[in-house]
Amino acid sequence: MGLLSIIRKQKLKDHEIRVLILGLDNAGKSTIVSSLMGLDPRDVAPTTGFLIHTFPWKGYNINAWDIGGQLLLRGFWSNYFDRSDVIIWVIDGSNVDQLEESYRELREKVIQQDQLSGVYFVVLINKVDLMGDEEKMEVKRLVEESLQLSSEVPSDKYTIRTVSGMTREGLPEAVDWIIEKDVW
């Protein structure tokens, strides 16, 4: 029995899901993790490297790797890909000017990487607490058109959600989508 199969069996036993949280800087990655952990999201400082958090969710242990999104750190993202089950890509929904850069980074540094074959993707459009319902729908439409995930990832392997790290809006449903994949 190889080391990889031992690790997978242990993960199954522990009901652990390893989630890598990526996105451009100031998208709200750490705020989202804090909210999911039940902490005050206003006490979050920008991540300058990486932080690892583990929290329970409906009988599973979510092992969340929150990786900084500064330009200098993006080249190191691939160092964290091994053993990841899910990639959460966070987009600042209040800054649509960054959509092209976000698309490019997601595609080139994440989706096209062989080590991530078979991984699930959750795209979170964050900061929707700062917009009305029509603006939320418009931003989601823009993100879906810009990212064009359907041409790169099978439809059952990704979802795009609108969320707020500050108010938790949409976050439980996004994590539930991961749990419902029932492959863990």
# chains A, B, ... in the order shown; residues from 1 in each chain; ligands from 1
>>> residues_around(residues="region 165-178 of chain A", least_positions_apart="6", cutoff="12 Å", atoms="only C-alpha atoms", output="JSON, numbers by chain")
{"A": [16, 17, 18, 19, 26, 27, 28, 29, 30, 31, 32, 33, 34, 35, 36, 37, 38, 39, 40, 41, 42, 43, 44, 55, 56, 57, 58, 59, 60, 61, 62, 64, 85, 86, 87, 88, 89, 90, 91, 92, 93, 119, 120, 121, 122, 123, 124, 125, 126, 127, 128, 129, 130, 156, 157, 158, 159, 184]}
>>> select_by_dssp(residues="region 8-180 of chain A", states="strand (DSSP E)", output="PyMOL selection string")
chain A and resi 16-23+50-57+60-67+86-92+120-126+158-162
>>> closest_residue(among="A:Ser164, A:Asn95, A:Ser117, A:Ser155", to="Val139 (chain A)", atoms="only C-alpha atoms")
A:Asn95
>>> select_by_dssp(residues="region 14-134 of chain A", states="alpha helix (DSSP H)", output="PyMOL selection string")
chain A and resi 14+29-36+71-74+99-106+133-134
>>> write_last_selection(atoms="C-alpha atoms", output="mmCIF file, in the first residue's frame")
data_model
loop_
_atom_site.group_PDB
_atom_site.id
_atom_site.type_symbol
_atom_site.label_atom_id
_atom_site.label_comp_id
_atom_site.auth_asym_id
_atom_site.auth_seq_id
_atom_site.Cartn_x
_atom_site.Cartn_y
_atom_site.Cartn_z
ATOM 1 C CA ASP A 14 -11.371 11.565 9.517
ATOM 2 C CA LYS A 29 -10.469 35.223 1.510
ATOM 3 C CA SER A 30 -9.529 35.532 5.193
ATOM 4 C CA THR A 31 -12.792 37.284 6.006
ATOM 5 C CA ILE A 32 -14.698 34.352 4.521
ATOM 6 C CA VAL A 33 -12.682 31.822 6.527
ATOM 7 C CA SER A 34 -13.220 33.814 9.737
ATOM 8 C CA SER A 35 -16.963 33.948 9.115
ATOM 9 C CA LEU A 36 -17.140 30.216 8.453
ATOM 10 C CA LEU A 71 1.265 39.431 -6.857
ATOM 11 C CA LEU A 72 4.539 38.216 -5.339
ATOM 12 C CA LEU A 73 2.836 35.215 -3.689
ATOM 13 C CA ARG A 74 0.854 33.958 -6.683
ATOM 14 C CA LEU A 99 -12.272 40.461 -13.492
ATOM 15 C CA GLU A 100 -9.862 40.093 -16.400
ATOM 16 C CA GLU A 101 -6.870 39.722 -14.061
ATOM 17 C CA SER A 102 -8.838 37.301 -11.873
ATOM 18 C CA TYR A 103 -9.789 35.207 -14.909
ATOM 19 C CA ARG A 104 -6.193 35.121 -16.158
ATOM 20 C CA GLU A 105 -4.765 34.114 -12.776
ATOM 21 C CA LEU A 106 -7.443 31.471 -12.176
ATOM 22 C CA ASP A 133 -30.177 42.536 -5.830
ATOM 23 C CA GLU A 134 -29.960 43.744 -9.443
#
>>> atom_distance(atom1="CA of Val143 (chain A)", atom2="CA of Met131 (chain A)")
15.1 Å
>>> residues_around(residues="Arg141 (chain A)", least_positions_apart="3", cutoff="12 Å", atoms="only C-alpha atoms", output="MDAnalysis selection string")
chainID A and resid 93 96 99 125 134:138 144:148 160:162
>>> write_last_selection(atoms="N, CA and C atoms", output="compact mmCIF listing (two decimals), in the first residue's frame")
# COMPACT_ATOMS: atom_id res chain seq x y z
N GLY A 93 -16.43 41.14 -5.60
CA GLY A 93 -17.55 41.53 -6.44
C GLY A 93 -17.74 43.02 -6.55
N VAL A 96 -15.22 45.05 -10.22
CA VAL A 96 -15.31 44.32 -11.49
C VAL A 96 -14.17 44.67 -12.44
N LEU A 99 -11.79 41.75 -12.97
CA LEU A 99 -12.27 40.46 -13.49
C LEU A 99 -11.32 39.84 -14.51
N ILE A 125 -18.19 35.02 -5.29
CA ILE A 125 -18.21 36.45 -5.59
C ILE A 125 -18.54 37.13 -4.27
N GLU A 134 -30.23 43.66 -8.00
CA GLU A 134 -29.96 43.74 -9.44
C GLU A 134 -28.47 43.77 -9.73
N GLU A 135 -27.73 44.53 -8.92
CA GLU A 135 -26.29 44.61 -9.12
C GLU A 135 -25.63 43.25 -8.86
N LYS A 136 -26.11 42.52 -7.85
CA LYS A 136 -25.61 41.17 -7.56
C LYS A 136 -25.76 40.27 -8.77
N MET A 137 -26.98 40.29 -9.36
CA MET A 137 -27.23 39.43 -10.53
C MET A 137 -26.35 39.84 -11.71
N GLU A 138 -26.15 41.13 -11.88
CA GLU A 138 -25.32 41.62 -12.99
C GLU A 138 -23.86 41.22 -12.79
N GLU A 144 -19.58 34.99 -14.64
CA GLU A 144 -19.80 33.77 -15.41
C GLU A 144 -19.31 33.92 -16.84
N GLU A 145 -19.58 35.08 -17.45
CA GLU A 145 -19.12 35.32 -18.82
C GLU A 145 -17.61 35.45 -18.89
N SER A 146 -17.00 36.14 -17.93
CA SER A 146 -15.56 36.35 -17.93
C SER A 146 -14.78 35.07 -17.68
N LEU A 147 -15.20 34.29 -16.69
CA LEU A 147 -14.45 33.10 -16.32
C LEU A 147 -14.63 31.95 -17.31
N GLN A 148 -15.81 31.83 -17.92
CA GLN A 148 -16.10 30.77 -18.88
C GLN A 148 -15.65 29.40 -18.37
N ILE A 160 -20.65 28.65 -8.97
CA ILE A 160 -20.37 30.08 -8.77
C ILE A 160 -21.45 30.62 -7.85
N ARG A 161 -21.02 31.24 -6.76
CA ARG A 161 -21.96 31.72 -5.74
C ARG A 161 -21.67 33.17 -5.37
N THR A 162 -22.72 33.89 -5.01
CA THR A 162 -22.56 35.24 -4.46
C THR A 162 -22.61 35.12 -2.94
>>> atom_distance(atom1="CA of Val153 (chain A)", atom2="CA of Lys181 (chain A)")
15.3 Å
>>> closest_residue(among="A:Leu51, A:Leu142, A:Leu149, A:Ile179", to="Gln98 (chain A)", atoms="only C-alpha atoms")
A:Leu142
